[in-house]
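Student: The file below is input19.tsv, TSV, C-alpha atoms:
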```tsv
chain	number	residue	atom	x	y	z
E	1	MET	CA	-67.17	3.36	-46.48
E	2	GLN	CA	-66.93	6.02	-43.79
E	3	PRO	CA	-69.48	8.85	-43.78
E	4	ASN	CA	-66.87	11.51	-44.68
E	5	ASP	CA	-65.09	9.51	-47.39
E	6	ALA	CA	-65.46	10.87	-50.92
E	7	ALA	CA	-65.58	8.49	-53.89
E	8	GLU	CA	-64.07	9.02	-57.34
E	9	ASP	CA	-63.92	6.73	-60.36
E	10	ILE	CA	-60.46	7.83	-61.55
E	11	VAL	CA	-57.91	9.66	-59.41
E	12	ILE	CA	-54.69	10.98	-60.96
E	13	ALA	CA	-51.93	11.91	-58.52
E	14	GLY	CA	-49.96	14.87	-59.85
E	15	ALA	CA	-50.81	17.80	-62.14
E	16	GLY	CA	-47.59	17.71	-64.12
E	17	LEU	CA	-47.26	16.94	-67.81
E	18	ALA	CA	-48.21	13.26	-67.54
E	19	GLY	CA	-51.09	13.86	-65.14
E	20	LEU	CA	-52.70	16.68	-67.12
E	21	ALA	CA	-52.13	14.89	-70.44
E	22	ALA	CA	-53.85	11.77	-69.09
E	23	ALA	CA	-56.72	13.81	-67.63
E	24	LEU	CA	-57.22	15.74	-70.87
E	25	GLY	CA	-57.02	12.58	-72.97
E	26	LEU	CA	-59.69	10.94	-70.81
E	27	HIS	CA	-61.81	14.08	-71.01
E	28	ARG	CA	-61.61	14.00	-74.80
E	29	LYS	CA	-62.94	10.44	-74.64
E	30	GLY	CA	-65.79	11.47	-72.34
E	31	VAL	CA	-64.31	10.08	-69.13
E	32	ARG	CA	-64.11	12.21	-65.99
E	33	SER	CA	-61.11	12.15	-63.66
E	34	LEU	CA	-59.93	14.01	-60.56
E	35	VAL	CA	-56.35	15.27	-60.47
E	36	LEU	CA	-54.72	15.72	-57.06
E	37	GLU	CA	-51.88	18.25	-56.98
E	38	SER	CA	-49.83	18.64	-53.81
E	39	SER	CA	-48.91	22.28	-54.54
E	40	PRO	CA	-51.33	25.20	-54.17
E	41	THR	CA	-50.90	26.07	-57.87
E	42	LEU	CA	-49.55	24.49	-61.04
E	43	ARG	CA	-45.80	23.93	-60.73
E	44	ALA	CA	-43.47	24.84	-63.58
E	45	SER	CA	-40.10	23.75	-62.15
E	46	GLY	CA	-37.39	23.50	-64.77
E	47	PHE	CA	-38.66	26.56	-66.67
E	48	ALA	CA	-38.72	24.93	-70.11
E	49	PHE	CA	-37.92	21.70	-71.90
E	50	THR	CA	-36.91	20.58	-75.37
E	51	THR	CA	-40.07	19.41	-77.10
E	52	TRP	CA	-39.38	17.05	-79.96
E	53	THR	CA	-41.51	15.64	-82.78
E	54	ASN	CA	-42.92	12.83	-80.65
E	55	ALA	CA	-44.21	15.30	-78.06
E	56	PHE	CA	-46.00	17.38	-80.69
E	57	ARG	CA	-47.67	14.25	-82.02
E	58	ALA	CA	-48.97	13.67	-78.50
E	59	LEU	CA	-50.05	17.31	-78.15
E	60	ASP	CA	-51.85	17.12	-81.49
E	61	ALA	CA	-53.70	14.03	-80.24
E	62	LEU	CA	-54.76	16.07	-77.21
E	63	GLY	CA	-55.83	19.02	-79.34
E	64	VAL	CA	-53.34	21.65	-78.09
E	65	GLY	CA	-50.41	21.24	-80.48
E	66	ASP	CA	-51.09	24.27	-82.66
E	67	LYS	CA	-51.56	26.54	-79.66
E	68	ILE	CA	-48.10	25.60	-78.36
E	69	ARG	CA	-46.54	25.97	-81.82
E	70	LYS	CA	-47.76	29.56	-82.07
E	71	GLN	CA	-46.05	30.45	-78.80
E	72	HIS	CA	-42.63	28.94	-79.53
E	73	LEU	CA	-39.96	29.02	-82.25
E	74	GLN	CA	-39.10	26.03	-84.41
E	75	ALA	CA	-35.38	25.24	-84.00
E	76	GLN	CA	-33.62	25.09	-87.34
E	77	ALA	CA	-30.35	23.36	-86.44
E	78	LEU	CA	-28.46	21.51	-83.73
E	79	ARG	CA	-24.88	22.70	-83.34
E	80	VAL	CA	-22.56	20.63	-81.14
E	81	ILE	CA	-19.36	22.33	-79.97
E	82	ALA	CA	-16.39	20.68	-78.23
E	83	SER	CA	-15.96	22.67	-75.02
E	84	ALA	CA	-12.23	22.05	-74.80
E	85	THR	CA	-11.42	23.40	-78.29
E	86	GLY	CA	-14.39	25.53	-79.30
E	87	GLU	CA	-14.64	23.61	-82.56
E	88	THR	CA	-17.99	22.65	-84.05
E	89	VAL	CA	-17.99	18.86	-84.19
E	90	ARG	CA	-21.48	18.47	-85.62
E	91	GLU	CA	-24.21	20.61	-87.13
E	92	ALA	CA	-27.48	18.86	-87.95
E	93	ASP	CA	-30.48	20.19	-89.83
E	94	LEU	CA	-33.45	19.78	-87.51
E	95	THR	CA	-36.02	20.50	-90.20
E	96	ARG	CA	-35.30	17.47	-92.38
E	97	SER	CA	-37.84	14.68	-92.38
E	98	GLY	CA	-37.63	11.46	-90.41
E	99	LYS	CA	-39.34	8.20	-91.27
E	100	ARG	CA	-42.73	9.51	-90.11
E	101	GLY	CA	-42.53	13.05	-91.48
E	102	PRO	CA	-40.80	16.39	-90.78
E	103	ASN	CA	-38.81	16.75	-87.57
E	104	GLU	CA	-40.08	19.30	-85.10
E	105	ILE	CA	-38.23	20.75	-82.14
E	106	ARG	CA	-39.15	23.70	-79.97
E	107	CYS	CA	-38.06	24.80	-76.52
E	108	VAL	CA	-41.42	25.00	-74.75
E	109	ARG	CA	-42.02	26.99	-71.60
E	110	ARG	CA	-43.37	24.56	-69.05
E	111	ASP	CA	-45.78	27.06	-67.53
E	112	LEU	CA	-47.40	27.81	-70.89
E	113	LEU	CA	-47.84	24.13	-71.69
E	114	LEU	CA	-49.32	23.28	-68.30
E	115	GLN	CA	-51.66	26.25	-68.62
E	116	ALA	CA	-52.75	25.13	-72.10
E	117	LEU	CA	-53.57	21.65	-70.82
E	118	GLU	CA	-55.37	22.98	-67.74
E	119	GLU	CA	-57.53	25.37	-69.77
E	120	GLU	CA	-58.95	22.46	-71.77
E	121	LEU	CA	-60.09	20.59	-68.66
E	122	PRO	CA	-63.50	21.04	-67.01
E	123	ARG	CA	-63.52	23.35	-64.01
E	124	GLY	CA	-62.87	21.44	-60.81
E	125	THR	CA	-60.81	18.68	-62.42
E	126	ILE	CA	-57.70	19.69	-60.44
E	127	ARG	CA	-57.79	19.70	-56.66
E	128	TYR	CA	-54.82	21.67	-55.31
E	129	SER	CA	-52.99	21.29	-51.98
E	130	SER	CA	-53.89	17.60	-52.04
E	131	LYS	CA	-51.06	15.17	-51.39
E	132	ILE	CA	-51.48	11.40	-51.03
E	133	VAL	CA	-49.59	10.10	-47.99
E	134	SER	CA	-50.78	6.49	-47.93
E	135	ILE	CA	-52.66	3.94	-50.02
E	136	GLU	CA	-54.81	1.14	-48.62
E	137	GLU	CA	-57.14	-1.39	-50.22
E	138	ASP	CA	-60.76	-2.31	-49.72
E	139	GLY	CA	-61.41	-5.01	-52.30
E	140	ASP	CA	-60.95	-3.39	-55.71
E	141	ILE	CA	-61.16	0.11	-54.22
E	142	LYS	CA	-58.06	2.09	-53.29
E	143	ILE	CA	-58.39	4.16	-50.14
E	144	LEU	CA	-56.25	7.30	-50.37
E	145	GLN	CA	-55.28	9.11	-47.20
E	146	LEU	CA	-54.41	12.74	-47.92
E	147	ALA	CA	-52.09	15.03	-45.97
E	148	ASP	CA	-54.99	17.25	-44.89
E	149	GLY	CA	-56.69	14.28	-43.19
E	150	SER	CA	-59.34	13.72	-45.85
E	151	VAL	CA	-59.92	10.33	-47.47
E	152	LEU	CA	-60.73	9.42	-51.07
E	153	ARG	CA	-61.96	6.09	-52.39
E	154	ALA	CA	-60.78	5.51	-55.97
E	155	LYS	CA	-61.86	2.91	-58.50
E	156	VAL	CA	-58.70	3.65	-60.55
E	157	LEU	CA	-55.48	5.26	-59.30
E	158	ILE	CA	-52.91	6.71	-61.70
E	159	GLY	CA	-49.60	7.83	-60.23
E	160	CYS	CA	-48.12	10.84	-62.03
E	161	ASP	CA	-46.58	12.10	-58.81
E	162	GLY	CA	-42.98	12.48	-59.91
E	163	ILE	CA	-39.67	10.89	-59.08
E	164	ASN	CA	-40.56	10.42	-55.39
E	165	SER	CA	-43.88	8.83	-56.30
E	166	VAL	CA	-45.99	7.37	-53.49
E	167	VAL	CA	-47.84	5.28	-56.08
E	168	ALA	CA	-44.61	3.87	-57.60
E	169	LYS	CA	-43.47	2.90	-54.11
E	170	TRP	CA	-46.80	1.14	-53.50
E	171	LEU	CA	-46.35	-0.76	-56.78
E	172	GLY	CA	-42.88	-1.84	-55.65
E	173	LEU	CA	-40.88	-0.12	-58.40
E	174	ALA	CA	-37.14	0.18	-57.85
E	175	LYS	CA	-36.01	3.33	-56.09
E	176	PRO	CA	-34.44	5.88	-58.49
E	177	SER	CA	-30.63	5.86	-58.47
E	178	TYR	CA	-28.30	8.85	-58.31
E	179	SER	CA	-26.39	9.17	-61.58
E	180	GLY	CA	-23.39	10.85	-59.97
E	181	ARG	CA	-24.22	14.02	-61.90
E	182	SER	CA	-26.08	17.23	-61.21
E	183	ALA	CA	-27.82	19.82	-63.37
E	184	ALA	CA	-28.35	23.55	-63.23
E	185	ARG	CA	-31.06	25.15	-65.34
E	186	GLY	CA	-31.80	28.74	-66.08
E	187	PHE	CA	-33.94	31.17	-67.99
E	188	ALA	CA	-32.93	34.51	-69.51
E	189	HIS	CA	-35.54	37.07	-70.48
E	190	TYR	CA	-34.89	39.82	-73.06
E	191	PRO	CA	-37.90	42.19	-73.13
E	192	ASP	CA	-36.69	43.84	-76.34
E	193	GLY	CA	-35.71	40.61	-78.06
E	194	HIS	CA	-32.58	38.46	-77.75
E	195	GLY	CA	-31.50	38.41	-81.42
E	196	PHE	CA	-30.32	34.79	-81.33
E	197	GLU	CA	-30.96	32.45	-84.23
E	198	PRO	CA	-33.37	29.57	-83.53
E	199	LYS	CA	-30.54	27.05	-83.08
E	200	PHE	CA	-29.98	24.46	-80.39
E	201	LEU	CA	-26.41	24.97	-79.15
E	202	GLN	CA	-24.70	22.17	-77.20
E	203	PHE	CA	-21.29	22.23	-75.55
E	204	VAL	CA	-19.87	18.79	-74.75
E	205	GLY	CA	-16.81	17.37	-73.04
E	206	ASP	CA	-14.32	18.94	-70.63
E	207	GLY	CA	-16.28	17.41	-67.74
E	208	PHE	CA	-19.63	19.03	-68.43
E	209	ARG	CA	-22.51	19.22	-70.87
E	210	ALA	CA	-24.28	22.50	-71.51
E	211	GLY	CA	-26.70	23.99	-73.97
E	212	MET	CA	-29.18	26.71	-74.79
E	213	LEU	CA	-32.17	27.17	-77.04
E	214	PRO	CA	-34.52	30.14	-77.61
E	215	CYS	CA	-38.14	29.52	-76.60
E	216	ASN	CA	-39.43	32.54	-78.49
E	217	GLN	CA	-38.17	36.01	-79.43
E	218	THR	CA	-37.69	37.11	-75.80
E	219	ASP	CA	-36.81	34.00	-73.73
E	220	ILE	CA	-33.79	31.67	-73.80
E	221	TYR	CA	-33.54	28.44	-71.79
E	222	TRP	CA	-30.12	27.07	-70.79
E	223	PHE	CA	-28.84	24.02	-68.91
E	224	PHE	CA	-25.55	22.78	-67.47
E	225	THR	CA	-24.80	19.24	-66.22
E	226	TRP	CA	-21.62	18.13	-64.49
E	227	THR	CA	-20.17	15.57	-62.09
E	228	PRO	CA	-19.77	17.25	-58.66
E	229	SER	CA	-16.49	16.97	-56.80
E	230	GLU	CA	-15.14	17.99	-53.40
E	231	HIS	CA	-14.12	21.32	-54.90
E	232	ASP	CA	-17.73	22.17	-55.75
E	233	LYS	CA	-19.02	22.23	-52.18
E	234	GLY	CA	-21.22	25.20	-51.47
E	235	ALA	CA	-22.06	25.87	-55.11
E	236	ASP	CA	-25.68	24.85	-54.57
E	237	GLU	CA	-26.18	26.92	-51.41
E	238	SER	CA	-27.86	29.71	-53.35
E	239	ALA	CA	-28.92	30.64	-56.87
E	240	ALA	CA	-26.21	33.33	-56.95
E	241	LYS	CA	-23.44	30.86	-56.10
E	242	MET	CA	-24.74	28.32	-58.60
E	243	LYS	CA	-24.90	30.91	-61.36
E	244	GLN	CA	-21.32	31.98	-60.64
E	245	PHE	CA	-20.19	28.33	-60.49
E	246	VAL	CA	-21.63	27.66	-63.95
E	247	LEU	CA	-20.04	30.81	-65.39
E	248	ASP	CA	-16.64	29.93	-63.90
E	249	LYS	CA	-16.80	26.42	-65.34
E	250	LEU	CA	-17.73	27.67	-68.80
E	251	ARG	CA	-15.13	30.45	-68.80
E	252	GLY	CA	-12.50	27.80	-68.20
E	253	SER	CA	-13.41	26.26	-71.56
E	254	LYS	CA	-13.82	27.53	-75.11
E	255	VAL	CA	-17.44	28.63	-74.74
E	256	PRO	CA	-18.30	31.78	-76.73
E	257	GLU	CA	-18.97	35.04	-74.93
E	258	GLU	CA	-22.54	35.34	-76.27
E	259	ALA	CA	-23.42	32.07	-74.54
E	260	LEU	CA	-21.90	33.28	-71.27
E	261	ALA	CA	-23.90	36.50	-71.57
E	262	VAL	CA	-27.17	34.54	-71.62
E	263	ILE	CA	-26.35	32.86	-68.31
E	264	ALA	CA	-25.09	36.09	-66.80
E	265	LYS	CA	-28.41	37.76	-67.64
E	266	SER	CA	-30.49	35.13	-65.82
E	267	GLU	CA	-32.20	36.40	-62.69
E	268	MET	CA	-31.48	34.61	-59.41
E	269	SER	CA	-35.04	33.37	-59.26
E	270	ASP	CA	-34.48	31.81	-62.67
E	271	VAL	CA	-31.62	29.46	-61.70
E	272	LEU	CA	-32.19	25.98	-60.26
E	273	ALA	CA	-29.88	23.05	-59.47
E	274	ALA	CA	-30.65	19.43	-58.64
E	275	PRO	CA	-29.01	15.98	-58.61
E	276	LEU	CA	-29.84	13.82	-61.63
E	277	ARG	CA	-31.55	10.53	-60.85
E	278	PHE	CA	-32.89	7.71	-62.99
E	279	ARG	CA	-34.75	4.44	-62.51
E	280	PRO	CA	-32.46	1.50	-63.34
E	281	PRO	CA	-33.74	0.50	-66.79
E	282	LEU	CA	-33.37	-3.25	-66.29
E	283	SER	CA	-35.60	-3.01	-63.22
E	284	LEU	CA	-38.50	-2.03	-65.48
E	285	VAL	CA	-38.23	-5.17	-67.59
E	286	THR	CA	-40.20	-7.18	-65.02
E	287	ALA	CA	-41.57	-4.37	-62.83
E	288	SER	CA	-45.27	-3.95	-62.06
E	289	ILE	CA	-45.96	-0.80	-64.06
E	290	SER	CA	-49.61	-1.61	-63.46
E	291	LYS	CA	-51.19	-3.77	-60.79
E	292	GLY	CA	-54.94	-4.29	-60.88
E	293	ASN	CA	-56.48	-0.82	-61.13
E	294	VAL	CA	-53.27	1.12	-60.36
E	295	CYS	CA	-50.51	2.32	-62.71
E	296	VAL	CA	-47.84	5.02	-63.03
E	297	ALA	CA	-46.77	7.46	-65.76
E	298	GLY	CA	-44.25	10.24	-66.34
E	299	ASP	CA	-41.38	10.57	-63.88
E	300	ALA	CA	-43.20	8.21	-61.54
E	301	LEU	CA	-42.54	5.53	-64.19
E	302	HIS	CA	-39.35	6.47	-66.02
E	303	PRO	CA	-37.23	9.16	-64.36
E	304	MET	CA	-34.20	9.65	-66.61
E	305	THR	CA	-31.23	11.94	-67.06
E	306	PRO	CA	-31.98	14.89	-69.36
E	307	ASP	CA	-29.44	14.02	-72.06
E	308	LEU	CA	-32.03	12.99	-74.67
E	309	GLY	CA	-34.43	15.81	-73.88
E	310	GLN	CA	-37.17	13.18	-73.64
E	311	GLY	CA	-38.38	13.31	-70.04
E	312	GLY	CA	-41.27	15.69	-70.66
E	313	CYS	CA	-41.87	14.38	-74.17
E	314	SER	CA	-42.29	10.79	-72.99
E	315	ALA	CA	-44.61	11.95	-70.20
E	316	LEU	CA	-46.92	13.36	-72.87
E	317	GLU	CA	-46.71	10.07	-74.76
E	318	ASP	CA	-47.68	8.26	-71.55
E	319	GLY	CA	-50.72	10.47	-71.12
E	320	VAL	CA	-52.07	9.78	-74.60
E	321	VAL	CA	-51.47	6.01	-74.49
E	322	LEU	CA	-52.94	5.73	-71.00
E	323	ALA	CA	-56.04	7.75	-71.88
E	324	ARG	CA	-56.59	5.61	-74.97
E	325	CYS	CA	-56.19	2.27	-73.19
E	326	LEU	CA	-58.21	3.20	-70.13
E	327	GLY	CA	-60.81	5.20	-72.04
E	328	ASP	CA	-61.45	2.30	-74.43
E	329	ALA	CA	-62.05	0.07	-71.42
E	330	LEU	CA	-64.73	2.40	-70.08
E	331	VAL	CA	-66.45	4.10	-73.01
E	332	GLY	CA	-69.40	2.55	-74.80
E	333	LYS	CA	-69.50	-0.65	-72.75
E	334	ASP	CA	-72.78	-2.21	-71.69
E	335	ALA	CA	-71.69	-3.45	-68.29
E	336	LYS	CA	-71.11	-0.55	-65.90
E	337	GLY	CA	-69.51	-1.31	-62.55
E	338	GLY	CA	-68.96	-4.73	-61.04
E	339	SER	CA	-66.44	-7.38	-61.94
E	340	ALA	CA	-66.85	-7.03	-65.72
E	341	GLU	CA	-65.85	-3.37	-65.66
E	342	ASN	CA	-62.99	-4.07	-63.23
E	343	LYS	CA	-61.60	-6.70	-65.59
E	344	ARG	CA	-61.75	-4.28	-68.52
E	345	ILE	CA	-59.95	-1.62	-66.49
E	346	GLU	CA	-57.22	-4.03	-65.47
E	347	ALA	CA	-56.83	-5.24	-69.05
E	348	GLY	CA	-56.62	-1.65	-70.31
E	349	LEU	CA	-53.91	-0.76	-67.80
E	350	ARG	CA	-51.97	-3.93	-68.66
E	351	GLU	CA	-52.06	-2.92	-72.32
E	352	TYR	CA	-50.78	0.54	-71.40
E	353	ALA	CA	-47.93	-1.06	-69.41
E	354	ARG	CA	-47.08	-3.35	-72.32
E	355	ILE	CA	-46.82	-0.43	-74.73
E	356	ARG	CA	-44.79	1.80	-72.44
E	357	ARG	CA	-42.44	-0.72	-70.81
E	358	TRP	CA	-39.81	-1.10	-73.54
E	359	ARG	CA	-40.08	2.50	-74.67
E	360	SER	CA	-39.26	3.52	-71.08
E	361	VAL	CA	-36.34	1.09	-70.83
E	362	GLU	CA	-34.84	2.32	-74.09
E	363	LEU	CA	-35.21	6.01	-73.23
E	364	ILE	CA	-33.62	5.70	-69.78
E	365	ALA	CA	-30.69	3.60	-71.00
E	366	THR	CA	-30.02	5.76	-74.07
E	367	ALA	CA	-30.17	9.01	-72.09
E	368	TYR	CA	-27.71	7.71	-69.50
E	369	THR	CA	-25.28	6.49	-72.16
E	370	ILE	CA	-25.37	9.69	-74.21
E	371	GLY	CA	-24.87	11.80	-71.08
E	372	PHE	CA	-21.80	9.78	-70.10
E	373	ILE	CA	-20.24	10.14	-73.55
E	374	GLN	CA	-21.06	13.82	-74.05
E	375	GLU	CA	-19.90	14.95	-70.62
E	376	SER	CA	-16.72	12.86	-70.40
E	377	ASN	CA	-13.31	14.53	-70.31
E	378	HIS	CA	-11.49	11.19	-70.65
E	379	ALA	CA	-8.96	11.55	-73.46
E	380	LEU	CA	-9.99	8.45	-75.42
E	381	VAL	CA	-13.75	9.03	-75.00
E	382	SER	CA	-13.35	12.68	-76.00
E	383	PHE	CA	-11.35	11.78	-79.11
E	384	LEU	CA	-13.87	9.17	-80.25
E	385	ARG	CA	-16.84	11.45	-79.48
E	386	ASP	CA	-15.50	14.52	-81.27
E	387	LYS	CA	-14.03	12.70	-84.27
E	388	PHE	CA	-16.39	9.81	-84.90
E	389	LEU	CA	-19.42	9.67	-82.62
E	390	SER	CA	-20.93	13.16	-82.83
E	391	GLY	CA	-22.98	12.27	-85.91
E	392	VAL	CA	-24.10	9.00	-84.35
E	393	LEU	CA	-25.26	10.76	-81.18
E	394	ALA	CA	-27.13	13.47	-83.09
E	395	GLY	CA	-28.77	10.79	-85.22
E	396	ARG	CA	-29.80	8.91	-82.09
E	397	LEU	CA	-31.45	12.03	-80.69
E	398	LEU	CA	-33.54	12.41	-83.83
E	399	LYS	CA	-34.36	8.71	-84.02
E	400	MET	CA	-35.67	8.59	-80.44
E	401	ALA	CA	-37.81	11.65	-81.21
E	402	ASP	CA	-39.27	10.11	-84.36
E	403	TYR	CA	-41.84	8.10	-82.39
E	404	ASP	CA	-45.60	8.10	-82.70
E	405	CYS	CA	-47.67	7.32	-79.63
E	406	GLY	CA	-50.83	7.23	-81.75
E	407	THR	CA	-54.09	9.07	-81.26
E	408	LEU	CA	-56.78	8.74	-78.61
E	409	SER	CA	-58.86	6.45	-80.81
E	410	ASN	CA	-56.49	3.96	-82.44
```
Just give me the structure of the file as structure tokens.

Tutor:
Amino acid sequence: MQPNDAAEDIVIAGAGLAGLAAALGLHRKGVRSLVLESSPTLRASGFAFTTWTNAFRALDALGVGDKIRKQHLQAQALRVIASATGETVREADLTRSGKRGPNEIRCVRRDLLLQALEEELPRGTIRYSSKIVSIEEDGDIKILQLADGSVLRAKVLIGCDGINSVVAKWLGLAKPSYSGRSAARGFAHYPDGHGFEPKFLQFVGDGFRAGMLPCNQTDIYWFFTWTPSEHDKGADESAAKMKQFVLDKLRGSKVPEEALAVIAKSEMSDVLAAPLRFRPPLSLVTASISKGNVCVAGDALHPMTPDLGQGGCSALEDGVVLARCLGDALVGKDAKGGSAENKRIEAGLREYARIRRWRSVELIATAYTIGFIQESNHALVSFLRDKFLSGVLAGRLLKMADYDCGTLSN
């Protein structure tokens, strides 16, 4: 160990949903961790995300569920509209109960959720402007070289560092693939209230997939996914061009004027666009989700297309399961340090990987499939989707959300 090297028991790379959920879960179990965040502040890219029943079960396990509920509206219904015709092809009641209890869906502002998680952590848990650039080994210790030249020695390393994860690369996970699709996301703010019902509107077919959902009485989140073509060049050069591109696409279909007005109201700073990538699901069947005292969670583990609305939700699941498995390996054990503790840590991370492997595979594969079907403008696919499959797809959304990651103690 070099004189200037700092040592930490547990280092979590990334202060996103998975990283903060894991840190808070460990804190609830009496285990300290250090979270390294590459940005100077908490990042809230994406503005908001659809938060389903499974995510609220995870948030309840972490002790912040009710706080988030008070800040966001419960969606009452999912209405799916065929973009080419303007006809409603499916309307589902989102308040009916699933196998494990009532369904719950809210559009949660990412900044408010990250803030709620951060506020529950001890001061100094998050170290900002700290990016891992390389990982080396010294026996069971991981030596982390940071971008600012400092070095950390970690007994446990958890990669929650996103789709371009340095930790996932070190573990040898398959590189995320481009889906051939892109997404634009936006946020419209109505200081005096928007007046929309708490319904999740989706527009499918005609070569794109779009939707919107109120977060609360003043904010509405919207998204638009499509398959780029040669004719779309330059659309992503600026927020203004992207906003106009989305409006032009929607105006060419049977999308109601009130939906167009939401997008038109979005400020330029509230429009983002990005290519959609996913980790090939079959690659995770045999992948090293954990190796010794290192593992990954969130987008570092299972980047997926947004068509299930489960990316952020599953990251919260990861955090709870990881905190439980790792915390149980460390709390209340007689042998501290040494080979006995290392073996318990490795066993705990293997159990986490076992629990999350097939859940990750299923989520990635299902999201990709649903996105393909919902966005397609192929005549046969559109006919089958609008006439026969809309109920099946809506049911699949609810089924994937009716999942219980458990508590921090079971």

Student: Considering only C-alpha atoms, state which residue in the set E:Leu213, E:Leu152, E:Leu201, E:Ala92 is at the smallest distance from Arg396 of chain E.

Tutor: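 Once distances to Arg396 of chain E are computed over only C-alpha atoms, the minimum belongs to E:Ala92.
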
Student: Find the spatial neighbours of Glu257 of chain E, counting all atoms listed in the file, within a cut-off of 12 Å - ignore same-chain residues fewer than 6 positions away - and output them as a ChimeraX atom specification.

Tutor: /E:86,247,250-251,263-264

Student: One decimal, in Å: what's the spacing between atom CA of Ala84 of chain E and atom CA of His231 of chain E?

Tutor: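 So the two atoms, atom CA of Ala84 of chain E and atom CA of His231 of chain E, lie 20.0 Å apart.
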
Student: Between atom CA of Ser182 of chain E and atom CA of Ser39 of chain E, what is the distance, to one decimal in Å?

Tutor: 24.3 Å

Student: Considering all atoms listed in the file, return as a list in words whatever protein or nucleic-acid residues lie within 10 Å of Leu24 of chain E, sequence-local ones (same chain, fewer than 6 positions apart) excluded.

Tutor: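 Once the nearby chain positions are removed, what remains is Ala18, Gly30, Val31, Arg32, Ser33, Leu62, Gly63, Leu117, Glu118, Glu119, Glu120, Leu121, Pro122, Thr125, Gly319, Val320 and Ala323 of chain E.
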
Student: Next, write the just-selected residues to a file, as an mmCIF file, keeping the file's coordinate frame, keeping C-alpha atoms as the atom set.

Tutor:
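Result file part31.cif:
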```
data_model
loop_
_atom_site.group_PDB
_atom_site.id
_atom_site.type_symbol
_atom_site.label_atom_id
_atom_site.label_comp_id
_atom_site.auth_asym_id
_atom_site.auth_seq_id
_atom_site.Cartn_x
_atom_site.Cartn_y
_atom_site.Cartn_z
ATOM 1 C CA ALA E 18 -48.210 13.260 -67.540
ATOM 2 C CA GLY E 30 -65.790 11.470 -72.340
ATOM 3 C CA VAL E 31 -64.310 10.080 -69.130
ATOM 4 C CA ARG E 32 -64.110 12.210 -65.990
ATOM 5 C CA SER E 33 -61.110 12.150 -63.660
ATOM 6 C CA LEU E 62 -54.760 16.070 -77.210
ATOM 7 C CA GLY E 63 -55.830 19.020 -79.340
ATOM 8 C CA LEU E 117 -53.570 21.650 -70.820
ATOM 9 C CA GLU E 118 -55.370 22.980 -67.740
ATOM 10 C CA GLU E 119 -57.530 25.370 -69.770
ATOM 11 C CA GLU E 120 -58.950 22.460 -71.770
ATOM 12 C CA LEU E 121 -60.090 20.590 -68.660
ATOM 13 C CA PRO E 122 -63.500 21.040 -67.010
ATOM 14 C CA THR E 125 -60.810 18.680 -62.420
ATOM 15 C CA GLY E 319 -50.720 10.470 -71.120
ATOM 16 C CA VAL E 320 -52.070 9.780 -74.600
ATOM 17 C CA ALA E 323 -56.040 7.750 -71.880
#
```

Student: Could you work out how far atom CA of Ile105 of chain E lies from atom CA of Asp402 of chain E, giving the answer in Å with one decimal?

Tutor: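 It comes out at 10.9 Å.
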
Student: Restricting the calculation to all atoms listed in the file: of E:Cys295, E:Leu113, E:Met400, E:Val271, which residue gets closest to Ser165 of chain E?

Tutor: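 The answer is E:Cys295, which sits nearest to Ser165 of chain E.
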
Student: Find the residue from E:Pro176, E:Gly234, E:Gly159, E:Pro281 that sits nearest to Ala365 of chain E; use only C-alpha atoms when measuring.

Tutor: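 Using only C-alpha atoms, Ala365 of chain E sits closest to E:Pro281.
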
Student: From the list E:Ala23, E:Val321, E:Leu272, E:Cys160, which residue is nearest Ala44 of chain E when using only C-alpha atoms?

Tutor: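 Among E:Ala23, E:Val321, E:Leu272, E:Cys160, it is E:Leu272 that comes nearest to Ala44 of chain E.
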
Student: List as a ChimeraX atom specification the protein and nucleic acid residues near Leu349 of chain E, meaning an atom at most 7 Å away when all atoms listed in the file are counted, but skip any in the same chain fewer than 4 places from it.

Tutor: /E:290,295,325-326,345,353

Student: Measuring between only C-alpha atoms, which one of E:Leu363, E:Tyr178, E:Ala154, E:Gly338 shows the shortest distance to Ile10 of chain E?

Tutor: E:Ala154

Student: How close does each residue of segment 70-153 of chain E get to segment 214-219 of chain E, giving the shortest atom pair and distance in Å to one decimal for every residue with an atom at most 7 Å away, counting only C-alpha atoms, sorted by chain and residue number, as a Markdown table?

Tutor:
```
| residue | atom | partner | partner_atom | distance |
| --- | --- | --- | --- | --- |
| E:Gln71 | CA | E:Asn216 | CA | 6.9 |
| E:His72 | CA | E:Asn216 | CA | 4.9 |
| E:Leu73 | CA | E:Asn216 | CA | 5.2 |
| E:Arg106 | CA | E:Cys215 | CA | 6.8 |
| E:Cys107 | CA | E:Cys215 | CA | 4.7 |
| E:Val108 | CA | E:Cys215 | CA | 5.9 |
| E:Arg109 | CA | E:Cys215 | CA | 6.8 |
```

Student: Write the residues of the preceding selection, restricted to C-alpha atoms, as a PDB file, in the coordinates of the input.

Tutor:
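What follows is the written file part00.pdb:
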```
ATOM      1  CA  GLN E  71     -46.050  30.450 -78.800  1.00  0.00           C
ATOM      2  CA  HIS E  72     -42.630  28.940 -79.530  1.00  0.00           C
ATOM      3  CA  LEU E  73     -39.960  29.020 -82.250  1.00  0.00           C
ATOM      4  CA  ARG E 106     -39.150  23.700 -79.970  1.00  0.00           C
ATOM      5  CA  CYS E 107     -38.060  24.800 -76.520  1.00  0.00           C
ATOM      6  CA  VAL E 108     -41.420  25.000 -74.750  1.00  0.00           C
ATOM      7  CA  ARG E 109     -42.020  26.990 -71.600  1.00  0.00           C
TER       8      ARG E 109
END
```

Student: Ranking E:Val35, E:Val89, E:Ile373, E:Ile143 by minimum distance to Val11 of chain E and counting all atoms listed in the file, which one comes first?

Tutor: E:Val35
